[in-house]
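Peer 1: Take this structure first; my questions come after.
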There are 2 protein chains.
Amino acid sequence: MSNPTAAMIVIGDEILSGRTRDSNMHHLAGQLTEAGIDLKEVRMIGDERGTIIAAVQAMSVVYDYVFTSGGIGPTHDDITADCIAAAFDAHIDVRDDARAILAAHYAKSGTELNTARLRMARIPDGAELIDNPVSAAPGFKIGNVHVMAGVPSVFHAMVASVLPTLTGGAPLISKTMRIDRGEGDIAGPLGALAEAYPMLSIGSYPFQKDGKYGAHIVIRGNDEGQIAAALTKLEAAFS
Amino acid sequence: MSNPTAAMIVIGDEILSGRTRDSNMHHLAGQLTEAGIDLKEVRMIGDERGTIIAAVQAMSVVYDYVFTSGGIGPTHDDITADCIAAAFDAHIDVRDDARAILAAHYAKSGTELNTARLRMARIPDGAELIDNPVSAAPGFKIGNVHVMAGVPSVFHAMVASVLPTLTGGAPLISKTMRIDRGEGDIAGPLGALAEAYPMLSIGSYPFQKDGKYGAHIVIRGNDEGQIAAALTKLEAAFS
């Protein structure tokens with residue numbers, strides 16, 4: 001029983017320079033986990049044409065779903081849409097359906113739909129638009145790649161638009177138990193537990209608080225009964 | 001004048017499931033930028049042997065420096081050290097120098113240096129230890145790969161230990177100007193500016209605050225004079 005797999009590509013020099021702290025990855029990760037889709041890999045790369053094309057081509061053949069974040073605005077450094085088109089060898093230009101969305105949006109505020117804003121209507125042939133209820137300019141989906149904005153509020157809205165269109169798997173069940181001992185004391189019994197339950201993923205995430213060591217033990221899997229049994233053994237080992 | 005390049009590999013199922021929000025990437029990015037080292041790519045991957053080995057091998061031949069975060073603790077799911085050794089085809093076992101560090105550390109608190117804790121002294125042959133002033137268990141460097149802990153306080157301390165050993169380039173100079181107009185109005189003049197200064201990286205990072213649109217324009221480069229000239233032109237264009 002294996003879930004669909006996914007990968008994410010976070011695009012933007014500002015992330016790699018440390019100027020901006022990415023938060024889209026963490027948001028998408030949580031949403032996919034809830035939907036029963038396993039996020040397997042994230043790549044953060046700069047605004048470089050060759051790099052973006054190579055990452056999209058490499059990841060779209062390996063994973064069921066690919067999601068990108070960043071680089072679809074109106075300025076010269078927004079090159080993602082053109083790179084995605086190139087990755088799929090698709091023609092790209094201002095498309096009528098996207099232009100109509102922008103025209104209606106900017107008409108409301110009396111803002112000119114100038115050349116720069118029209119760049120946001122550049123959509124590859126054959127792509128489906130992704131709804132953007134925040135600022136209108138759409139994302140798009142081509143093949144298995146979902147191309148979304150980097151601004152967190154817009155990214156979140158686009159993820160919400162996309163999620164109902166994805167085929168999820170069995171939602172991962174996750175139980176956490178906190179143990180107030182150092183990982184070095186926990187490791188032996190925990191390793192034995194992991195061996196006894198090969199279908200479960202058992203992780204240990206250490207913390208240090210007020211000078212004391214402890215760890216959160218997280219047991220994940222699809223079988224509620226197995227998880228409950230493993231938790232009972234874990235409690236017995238450390239009570 | 002090109003700076004040394006770097007890549008980072010963030011290792012851990014808990015990041016990809018959305019349970020834990022990674023903060024090490026943002027920290028390292030800022031530190032490398034200050035040191036004049038260009039972070040070009042980050043990969044976030046799970047605790048899977050084949051995936052870790054493949055990522056280390058692929059990235060260590062492309063970039064000057066590689067940094068990893070996560071998976072070097074005492075529990076069964078801490079497999080990074082063994083994977084790194086495999087990636088370099090190096091023998092790995094408990095090493096005397098690392099064991100001595102752990103023995104001295106645990107002797108202070110009367111804690112037993114048991115089998116699990118000894119796992120943290122597993123270091124590949126030929127690797128140099130990375131000092132861990134927070135919790136003693138060392139990281140290590142093999143080839144151009146720096147292997148560090150995932151716990152943020154320990155990761156930060158290890159980065160501080162490593163930074164003086166790296167050869168940096170010209171520190172990137174970065175100037176930011178805020179423009180309180182929509183990106184669609186900024187894009188035209190900004191594109192012209194980017195064309196006029198091909199040696200500078202000029203980025204536009206939009207924001208929306210209290211219903212108003214604006215963007216931070218970030219001009220980056222190594223030549224202070226060029227940056228100042230570009231800033232002057234930018235101010236003139238939007239005053």
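By order in the structure tokens, chains are A, B, ...; within a chain, residues start at 1; ligands start at 1, following the order shown.
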Using only C-alpha atoms, determine which residues lie at most 9 Å from Ala230 of chain A, disregarding the query and same-chain residues fewer than 3 positions distant; provide the list as a list in words.
Peer 2: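 Near neighbours after the sequence-gap exclusion: Leu193, Ala194, Ala196, Tyr197, Leu200, Ile219, Gly225, Gln226, Ile227, Lys233, Leu234 and Glu235 of chain A.
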Peer 1: Which neighbours of Glu112 of chain B fall inside 9 Å, counting only C-alpha atoms, when residues of the same chain fewer than 5 positions from it are skipped, and could you give them as an MDAnalysis selection string?
Peer 2: (chainID A and resid 184:185) or (chainID B and resid 103 106:107 117)
Peer 1: Would you give me, as a list in words, the residues in segment 86-200 of chain B that DSSP reads as strand (DSSP E)?
Peer 2: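 Those in segment 86-200 of chain B that DSSP calls strand (DSSP E) are Ile92, Asp93, Val94, Arg122, Ile123, Pro124, Glu128, Leu129, Ile130, Gly139, Phe140, Lys141, Ile142, Val145, His146, Val147, Met148, Ile173, Ser174, Lys175, Thr176, Met177, Arg178 and Ile179 of chain B.
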Peer 1: Can you write out the residues you just picked, keeping C-alpha atoms, as a compact mmCIF listing (two decimals), in the first residue's frame?
Peer 2:
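Final output, out_30.txt:
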# COMPACT_ATOMS: atom_id res chain seq x y z
CA ILE B 92 33.62 3.58 9.08
CA ASP B 93 33.71 2.46 12.69
CA VAL B 94 33.96 3.89 16.20
CA ARG B 122 31.38 6.35 14.23
CA ILE B 123 33.55 8.44 11.91
CA PRO B 124 34.82 7.50 8.44
CA GLU B 128 38.41 15.46 10.21
CA LEU B 129 36.26 16.02 13.29
CA ILE B 130 34.05 19.11 13.59
CA GLY B 139 30.48 16.27 13.23
CA PHE B 140 33.05 15.51 10.57
CA LYS B 141 34.40 16.61 7.24
CA ILE B 142 35.33 14.17 4.50
CA VAL B 145 31.41 17.41 2.64
CA HIS B 146 30.74 18.81 6.12
CA VAL B 147 28.46 16.54 8.15
CA MET B 148 26.60 18.30 10.94
CA ILE B 173 27.11 43.63 -1.19
CA SER B 174 23.34 43.93 -1.04
CA LYS B 175 21.25 47.09 -1.03
CA THR B 176 17.49 47.15 -0.70
CA MET B 177 15.04 49.86 -1.74
CA ARG B 178 11.36 49.70 -0.96
CA ILE B 179 8.97 50.96 -3.62
Peer 1: Both chains have the same sequence, so superpose chain A on chain B over all Cα atoms paired in order and return it as an mmCIF file with C-alpha atoms, in the first residue's frame.
Peer 2:
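After the write, superposed20.cif holds the following:
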data_model
loop_
_atom_site.group_PDB
_atom_site.id
_atom_site.type_symbol
_atom_site.label_atom_id
_atom_site.label_comp_id
_atom_site.auth_asym_id
_atom_site.auth_seq_id
_atom_site.Cartn_x
_atom_site.Cartn_y
_atom_site.Cartn_z
ATOM 1 C CA MET A 1 35.479 37.199 -10.106
ATOM 2 C CA SER A 2 33.419 34.242 -9.078
ATOM 3 C CA ASN A 3 32.937 33.082 -5.521
ATOM 4 C CA PRO A 4 33.244 29.521 -4.227
ATOM 5 C CA THR A 5 29.994 27.598 -4.512
ATOM 6 C CA ALA A 6 28.159 25.538 -1.923
ATOM 7 C CA ALA A 7 25.227 23.170 -1.570
ATOM 8 C CA MET A 8 23.318 21.878 1.430
ATOM 9 C CA ILE A 9 21.565 18.575 2.070
ATOM 10 C CA VAL A 10 18.908 18.632 4.800
ATOM 11 C CA ILE A 11 18.265 15.043 5.903
ATOM 12 C CA GLY A 12 15.188 13.908 7.820
ATOM 13 C CA ASP A 13 11.732 12.396 7.342
ATOM 14 C CA GLU A 14 10.386 14.827 9.943
ATOM 15 C CA ILE A 15 11.130 17.796 7.669
ATOM 16 C CA LEU A 16 9.413 16.260 4.635
ATOM 17 C CA SER A 17 6.339 15.210 6.618
ATOM 18 C CA GLY A 18 5.852 18.768 7.841
ATOM 19 C CA ARG A 19 6.287 17.757 11.479
ATOM 20 C CA THR A 20 9.412 19.870 11.902
ATOM 21 C CA ARG A 21 10.104 23.252 10.301
ATOM 22 C CA ASP A 22 13.700 23.380 9.131
ATOM 23 C CA SER A 23 15.580 26.474 10.207
ATOM 24 C CA ASN A 24 19.145 25.319 9.524
ATOM 25 C CA MET A 25 18.984 26.151 5.834
ATOM 26 C CA HIS A 26 18.160 29.798 6.466
ATOM 27 C CA HIS A 27 20.936 30.072 9.061
ATOM 28 C CA LEU A 28 23.578 28.526 6.817
ATOM 29 C CA ALA A 29 22.447 30.634 3.842
ATOM 30 C CA GLY A 30 23.024 33.874 5.743
ATOM 31 C CA GLN A 31 26.391 32.756 7.115
ATOM 32 C CA LEU A 32 27.677 31.677 3.702
ATOM 33 C CA THR A 33 26.530 34.894 2.032
ATOM 34 C CA GLU A 34 28.430 36.908 4.635
ATOM 35 C CA ALA A 35 31.512 34.779 3.960
ATOM 36 C CA GLY A 36 31.331 35.339 0.202
ATOM 37 C CA ILE A 37 30.358 31.763 -0.592
ATOM 38 C CA ASP A 38 27.429 31.294 -2.985
ATOM 39 C CA LEU A 39 24.843 28.759 -1.826
ATOM 40 C CA LYS A 40 23.557 27.395 -5.146
ATOM 41 C CA GLU A 41 21.289 24.511 -4.216
ATOM 42 C CA VAL A 42 19.593 22.898 -1.227
ATOM 43 C CA ARG A 43 18.096 19.419 -1.242
ATOM 44 C CA MET A 44 15.806 18.157 1.489
ATOM 45 C CA ILE A 45 15.586 14.380 1.534
ATOM 46 C CA GLY A 46 14.399 11.583 3.827
ATOM 47 C CA ASP A 47 16.290 9.084 5.964
ATOM 48 C CA GLU A 48 16.856 6.681 3.063
ATOM 49 C CA ARG A 49 20.280 5.193 2.448
ATOM 50 C CA GLY A 50 20.234 5.174 -1.356
ATOM 51 C CA THR A 51 18.839 8.701 -1.558
ATOM 52 C CA ILE A 52 21.433 10.132 0.824
ATOM 53 C CA ILE A 53 24.354 8.438 -0.937
ATOM 54 C CA ALA A 54 23.162 9.577 -4.370
ATOM 55 C CA ALA A 55 22.677 13.189 -3.245
ATOM 56 C CA VAL A 56 26.123 13.370 -1.605
ATOM 57 C CA GLN A 57 27.864 11.885 -4.626
ATOM 58 C CA ALA A 58 26.013 14.124 -7.090
ATOM 59 C CA MET A 59 26.537 17.362 -5.181
ATOM 60 C CA SER A 60 30.107 16.888 -3.935
ATOM 61 C CA VAL A 61 31.459 16.812 -7.491
ATOM 62 C CA VAL A 62 29.529 19.903 -8.623
ATOM 63 C CA TYR A 63 30.047 22.338 -5.738
ATOM 64 C CA ASP A 64 33.118 23.530 -3.849
ATOM 65 C CA TYR A 65 31.541 22.864 -0.455
ATOM 66 C CA VAL A 66 28.709 20.601 0.663
ATOM 67 C CA PHE A 67 27.030 20.800 4.072
ATOM 68 C CA THR A 68 24.647 18.239 5.544
ATOM 69 C CA SER A 69 22.280 18.615 8.470
ATOM 70 C CA GLY A 70 20.629 15.790 10.414
ATOM 71 C CA GLY A 71 20.884 12.086 11.136
ATOM 72 C CA ILE A 72 24.068 11.800 13.218
ATOM 73 C CA GLY A 73 22.545 11.001 16.637
ATOM 74 C CA PRO A 74 22.536 7.694 18.563
ATOM 75 C CA THR A 75 19.225 6.183 17.416
ATOM 76 C CA HIS A 76 18.496 3.594 14.713
ATOM 77 C CA ASP A 77 17.176 6.245 12.310
ATOM 78 C CA ASP A 78 20.476 8.161 12.415
ATOM 79 C CA ILE A 79 22.108 6.724 9.306
ATOM 80 C CA THR A 80 23.836 9.771 7.825
ATOM 81 C CA ALA A 81 27.421 8.991 8.932
ATOM 82 C CA ASP A 82 27.317 5.494 7.450
ATOM 83 C CA CYS A 83 25.792 6.824 4.205
ATOM 84 C CA ILE A 84 28.492 9.490 3.845
ATOM 85 C CA ALA A 85 31.183 6.857 4.367
ATOM 86 C CA ALA A 86 29.545 4.709 1.679
ATOM 87 C CA ALA A 87 29.350 7.697 -0.681
ATOM 88 C CA PHE A 88 33.133 8.114 -0.361
ATOM 89 C CA ASP A 89 33.788 4.354 -0.270
ATOM 90 C CA ALA A 90 35.454 4.887 3.113
ATOM 91 C CA HIS A 91 35.614 2.452 6.033
ATOM 92 C CA ILE A 92 33.624 3.571 9.099
ATOM 93 C CA ASP A 93 33.710 2.431 12.704
ATOM 94 C CA VAL A 94 33.953 3.869 16.218
ATOM 95 C CA ARG A 95 37.097 5.997 16.093
ATOM 96 C CA ASP A 96 39.385 6.513 19.092
ATOM 97 C CA ASP A 97 39.553 10.308 18.868
ATOM 98 C CA ALA A 98 35.768 10.652 18.779
ATOM 99 C CA ARG A 99 35.337 8.031 21.504
ATOM 100 C CA ALA A 100 37.722 9.979 23.761
ATOM 101 C CA ILE A 101 35.637 13.150 23.319
ATOM 102 C CA LEU A 102 32.427 11.330 24.229
ATOM 103 C CA ALA A 103 34.047 9.481 27.157
ATOM 104 C CA ALA A 104 35.290 12.756 28.665
ATOM 105 C CA HIS A 105 31.911 14.416 28.145
ATOM 106 C CA TYR A 106 29.788 11.660 29.685
ATOM 107 C CA ALA A 107 32.232 11.060 32.549
ATOM 108 C CA LYS A 108 31.455 14.587 33.776
ATOM 109 C CA SER A 109 27.786 13.736 34.304
ATOM 110 C CA GLY A 110 28.368 10.114 35.288
ATOM 111 C CA THR A 111 26.413 8.996 32.226
ATOM 112 C CA GLU A 112 27.192 5.574 30.793
ATOM 113 C CA LEU A 113 28.875 5.592 27.373
ATOM 114 C CA ASN A 114 26.653 2.774 26.114
ATOM 115 C CA THR A 115 26.427 1.158 22.680
ATOM 116 C CA ALA A 116 23.901 3.707 21.440
ATOM 117 C CA ARG A 117 26.004 6.721 22.476
ATOM 118 C CA LEU A 118 29.087 5.067 20.969
ATOM 119 C CA ARG A 119 27.315 5.164 17.590
ATOM 120 C CA MET A 120 28.038 8.899 17.658
ATOM 121 C CA ALA A 121 31.776 8.078 17.578
ATOM 122 C CA ARG A 122 31.373 6.317 14.223
ATOM 123 C CA ILE A 123 33.562 8.419 11.933
ATOM 124 C CA PRO A 124 34.825 7.481 8.449
ATOM 125 C CA ASP A 125 38.563 6.866 8.058
ATOM 126 C CA GLY A 126 40.331 9.999 6.869
ATOM 127 C CA ALA A 127 37.619 12.402 8.067
ATOM 128 C CA GLU A 128 38.417 15.443 10.222
ATOM 129 C CA LEU A 129 36.260 16.013 13.291
ATOM 130 C CA ILE A 130 34.059 19.097 13.588
ATOM 131 C CA ASP A 131 33.937 20.545 17.089
ATOM 132 C CA ASN A 132 30.593 20.475 18.933
ATOM 133 C CA PRO A 133 30.797 22.747 21.975
ATOM 134 C CA VAL A 134 27.097 22.197 22.763
ATOM 135 C CA SER A 135 26.765 18.436 23.275
ATOM 136 C CA ALA A 136 30.240 17.057 22.478
ATOM 137 C CA ALA A 137 29.352 14.448 19.815
ATOM 138 C CA PRO A 138 31.395 15.695 16.858
ATOM 139 C CA GLY A 139 30.491 16.254 13.242
ATOM 140 C CA PHE A 140 33.057 15.499 10.581
ATOM 141 C CA LYS A 141 34.414 16.594 7.247
ATOM 142 C CA ILE A 142 35.347 14.141 4.512
ATOM 143 C CA GLY A 143 36.395 15.374 1.096
ATOM 144 C CA ASN A 144 34.454 18.621 0.668
ATOM 145 C CA VAL A 145 31.429 17.400 2.646
ATOM 146 C CA HIS A 146 30.757 18.792 6.134
ATOM 147 C CA VAL A 147 28.472 16.522 8.155
ATOM 148 C CA MET A 148 26.612 18.294 10.947
ATOM 149 C CA ALA A 149 23.787 17.706 13.415
ATOM 150 C CA GLY A 150 20.141 18.597 12.808
ATOM 151 C CA VAL A 151 19.324 20.048 16.248
ATOM 152 C CA PRO A 152 19.515 23.794 15.514
ATOM 153 C CA SER A 153 21.646 24.812 18.523
ATOM 154 C CA VAL A 154 24.209 22.123 17.667
ATOM 155 C CA PHE A 155 24.057 22.887 13.941
ATOM 156 C CA HIS A 156 24.732 26.573 14.603
ATOM 157 C CA ALA A 157 27.700 25.718 16.841
ATOM 158 C CA MET A 158 29.155 23.378 14.226
ATOM 159 C CA VAL A 159 28.743 25.980 11.471
ATOM 160 C CA ALA A 160 30.655 28.414 13.679
ATOM 161 C CA SER A 161 33.385 25.772 14.063
ATOM 162 C CA VAL A 162 33.584 25.188 10.315
ATOM 163 C CA LEU A 163 33.375 28.746 8.931
ATOM 164 C CA PRO A 164 36.982 29.786 9.744
ATOM 165 C CA THR A 165 38.234 26.750 7.763
ATOM 166 C CA LEU A 166 36.463 27.783 4.533
ATOM 167 C CA THR A 167 37.941 29.940 1.800
ATOM 168 C CA GLY A 168 35.459 32.710 1.110
ATOM 169 C CA GLY A 169 35.189 35.046 -1.836
ATOM 170 C CA ALA A 170 34.267 38.675 -2.145
ATOM 171 C CA PRO A 171 31.391 39.253 0.248
ATOM 172 C CA LEU A 172 28.238 40.065 -1.650
ATOM 173 C CA ILE A 173 27.103 43.658 -1.220
ATOM 174 C CA SER A 174 23.332 43.988 -1.061
ATOM 175 C CA LYS A 175 21.226 47.136 -1.050
ATOM 176 C CA THR A 176 17.477 47.186 -0.721
ATOM 177 C CA MET A 177 15.034 49.896 -1.766
ATOM 178 C CA ARG A 178 11.352 49.740 -0.975
ATOM 179 C CA ILE A 179 8.958 50.989 -3.632
ATOM 180 C CA ASP A 180 5.311 51.435 -2.720
ATOM 181 C CA ARG A 181 3.828 50.528 -6.076
ATOM 182 C CA GLY A 182 2.622 47.322 -7.597
ATOM 183 C CA GLU A 183 5.230 45.166 -9.323
ATOM 184 C CA GLY A 184 3.347 45.689 -12.579
ATOM 185 C CA ASP A 185 4.305 49.377 -12.469
ATOM 186 C CA ILE A 186 7.859 48.678 -11.354
ATOM 187 C CA ALA A 187 8.663 45.948 -13.855
ATOM 188 C CA GLY A 188 9.332 48.064 -16.962
ATOM 189 C CA PRO A 189 11.942 50.491 -15.544
ATOM 190 C CA LEU A 190 13.424 47.660 -13.452
ATOM 191 C CA GLY A 191 13.962 45.439 -16.479
ATOM 192 C CA ALA A 192 15.747 48.297 -18.248
ATOM 193 C CA LEU A 193 17.946 48.800 -15.189
ATOM 194 C CA ALA A 194 18.834 45.098 -15.092
ATOM 195 C CA GLU A 195 19.835 45.261 -18.752
ATOM 196 C CA ALA A 196 22.006 48.326 -18.131
ATOM 197 C CA TYR A 197 23.853 46.592 -15.271
ATOM 198 C CA PRO A 198 24.432 42.991 -16.371
ATOM 199 C CA MET A 199 27.054 42.433 -13.637
ATOM 200 C CA LEU A 200 24.526 43.141 -10.887
ATOM 201 C CA SER A 201 21.753 40.848 -9.719
ATOM 202 C CA ILE A 202 18.559 42.875 -9.409
ATOM 203 C CA GLY A 203 15.596 41.183 -7.762
ATOM 204 C CA SER A 204 12.064 42.293 -7.017
ATOM 205 C CA TYR A 205 10.307 40.839 -3.967
ATOM 206 C CA PRO A 206 6.679 41.882 -3.809
ATOM 207 C CA PHE A 207 4.660 42.333 -0.661
ATOM 208 C CA GLN A 208 1.109 43.191 0.224
ATOM 209 C CA LYS A 209 0.478 45.066 3.432
ATOM 210 C CA ASP A 210 -2.749 46.634 4.678
ATOM 211 C CA GLY A 211 -4.229 46.158 1.218
ATOM 212 C CA LYS A 212 -1.433 48.053 -0.523
ATOM 213 C CA TYR A 213 1.076 46.573 -2.929
ATOM 214 C CA GLY A 214 4.779 47.225 -2.970
ATOM 215 C CA ALA A 215 8.107 45.552 -3.577
ATOM 216 C CA HIS A 216 11.561 45.438 -2.107
ATOM 217 C CA ILE A 217 14.088 45.871 -4.867
ATOM 218 C CA VAL A 218 17.359 44.177 -3.956
ATOM 219 C CA ILE A 219 20.531 45.023 -5.865
ATOM 220 C CA ARG A 220 23.420 42.641 -5.265
ATOM 221 C CA GLY A 221 26.960 42.502 -6.535
ATOM 222 C CA ASN A 222 30.615 42.883 -5.661
ATOM 223 C CA ASP A 223 31.159 46.391 -7.078
ATOM 224 C CA GLU A 224 30.080 49.093 -4.647
ATOM 225 C CA GLY A 225 30.299 51.837 -7.256
ATOM 226 C CA GLN A 226 28.033 50.064 -9.728
ATOM 227 C CA ILE A 227 25.501 49.317 -6.999
ATOM 228 C CA ALA A 228 25.423 52.958 -5.911
ATOM 229 C CA ALA A 229 24.949 54.119 -9.516
ATOM 230 C CA ALA A 230 22.118 51.643 -10.102
ATOM 231 C CA LEU A 231 20.412 52.706 -6.869
ATOM 232 C CA THR A 232 20.559 56.366 -7.936
ATOM 233 C CA LYS A 233 18.911 55.497 -11.278
ATOM 234 C CA LEU A 234 16.265 53.449 -9.488
ATOM 235 C CA GLU A 235 15.431 56.317 -7.130
ATOM 236 C CA ALA A 236 15.201 58.720 -10.058
ATOM 237 C CA ALA A 237 12.815 56.402 -11.902
ATOM 238 C CA PHE A 238 10.372 56.199 -8.998
ATOM 239 C CA SER A 239 10.574 59.597 -7.349
#
Peer 1: DSSP on the backbone: what in segment 39-109 of chain B comes out alpha helix (DSSP H), as an NGL selection string?
Peer 2: :B and (49-62 or 80-87 or 96-109)
Peer 1: Put those residues in a file: C-alpha atoms, as a short mmCIF file (atom, residue, chain, number, x, y, z; two decimals), in the first residue's frame.
Peer 2:
data_model
loop_
_atom_site.label_atom_id
_atom_site.label_comp_id
_atom_site.auth_asym_id
_atom_site.auth_seq_id
_atom_site.Cartn_x
_atom_site.Cartn_y
_atom_site.Cartn_z
CA ARG B 49 20.26 5.20 2.44
CA GLY B 50 20.22 5.17 -1.36
CA THR B 51 18.83 8.70 -1.57
CA ILE B 52 21.42 10.13 0.81
CA ILE B 53 24.34 8.44 -0.94
CA ALA B 54 23.16 9.58 -4.38
CA ALA B 55 22.68 13.19 -3.26
CA VAL B 56 26.11 13.38 -1.61
CA GLN B 57 27.85 11.89 -4.64
CA ALA B 58 26.00 14.14 -7.10
CA MET B 59 26.52 17.36 -5.20
CA SER B 60 30.09 16.90 -3.94
CA VAL B 61 31.44 16.81 -7.50
CA VAL B 62 29.51 19.91 -8.63
CA THR B 80 23.83 9.78 7.81
CA ALA B 81 27.40 9.01 8.92
CA ASP B 82 27.30 5.51 7.45
CA CYS B 83 25.79 6.84 4.19
CA ILE B 84 28.47 9.51 3.83
CA ALA B 85 31.16 6.88 4.36
CA ALA B 86 29.53 4.73 1.67
CA ALA B 87 29.33 7.71 -0.69
CA ASP B 96 39.39 6.54 19.09
CA ASP B 97 39.55 10.36 18.86
CA ALA B 98 35.76 10.68 18.78
CA ARG B 99 35.33 8.07 21.50
CA ALA B 100 37.71 10.01 23.74
CA ILE B 101 35.64 13.19 23.31
CA LEU B 102 32.43 11.36 24.23
CA ALA B 103 34.06 9.51 27.15
CA ALA B 104 35.31 12.79 28.66
CA HIS B 105 31.92 14.44 28.14
CA TYR B 106 29.80 11.69 29.68
CA ALA B 107 32.25 11.10 32.54
CA LYS B 108 31.48 14.63 33.78
CA SER B 109 27.81 13.78 34.31
#
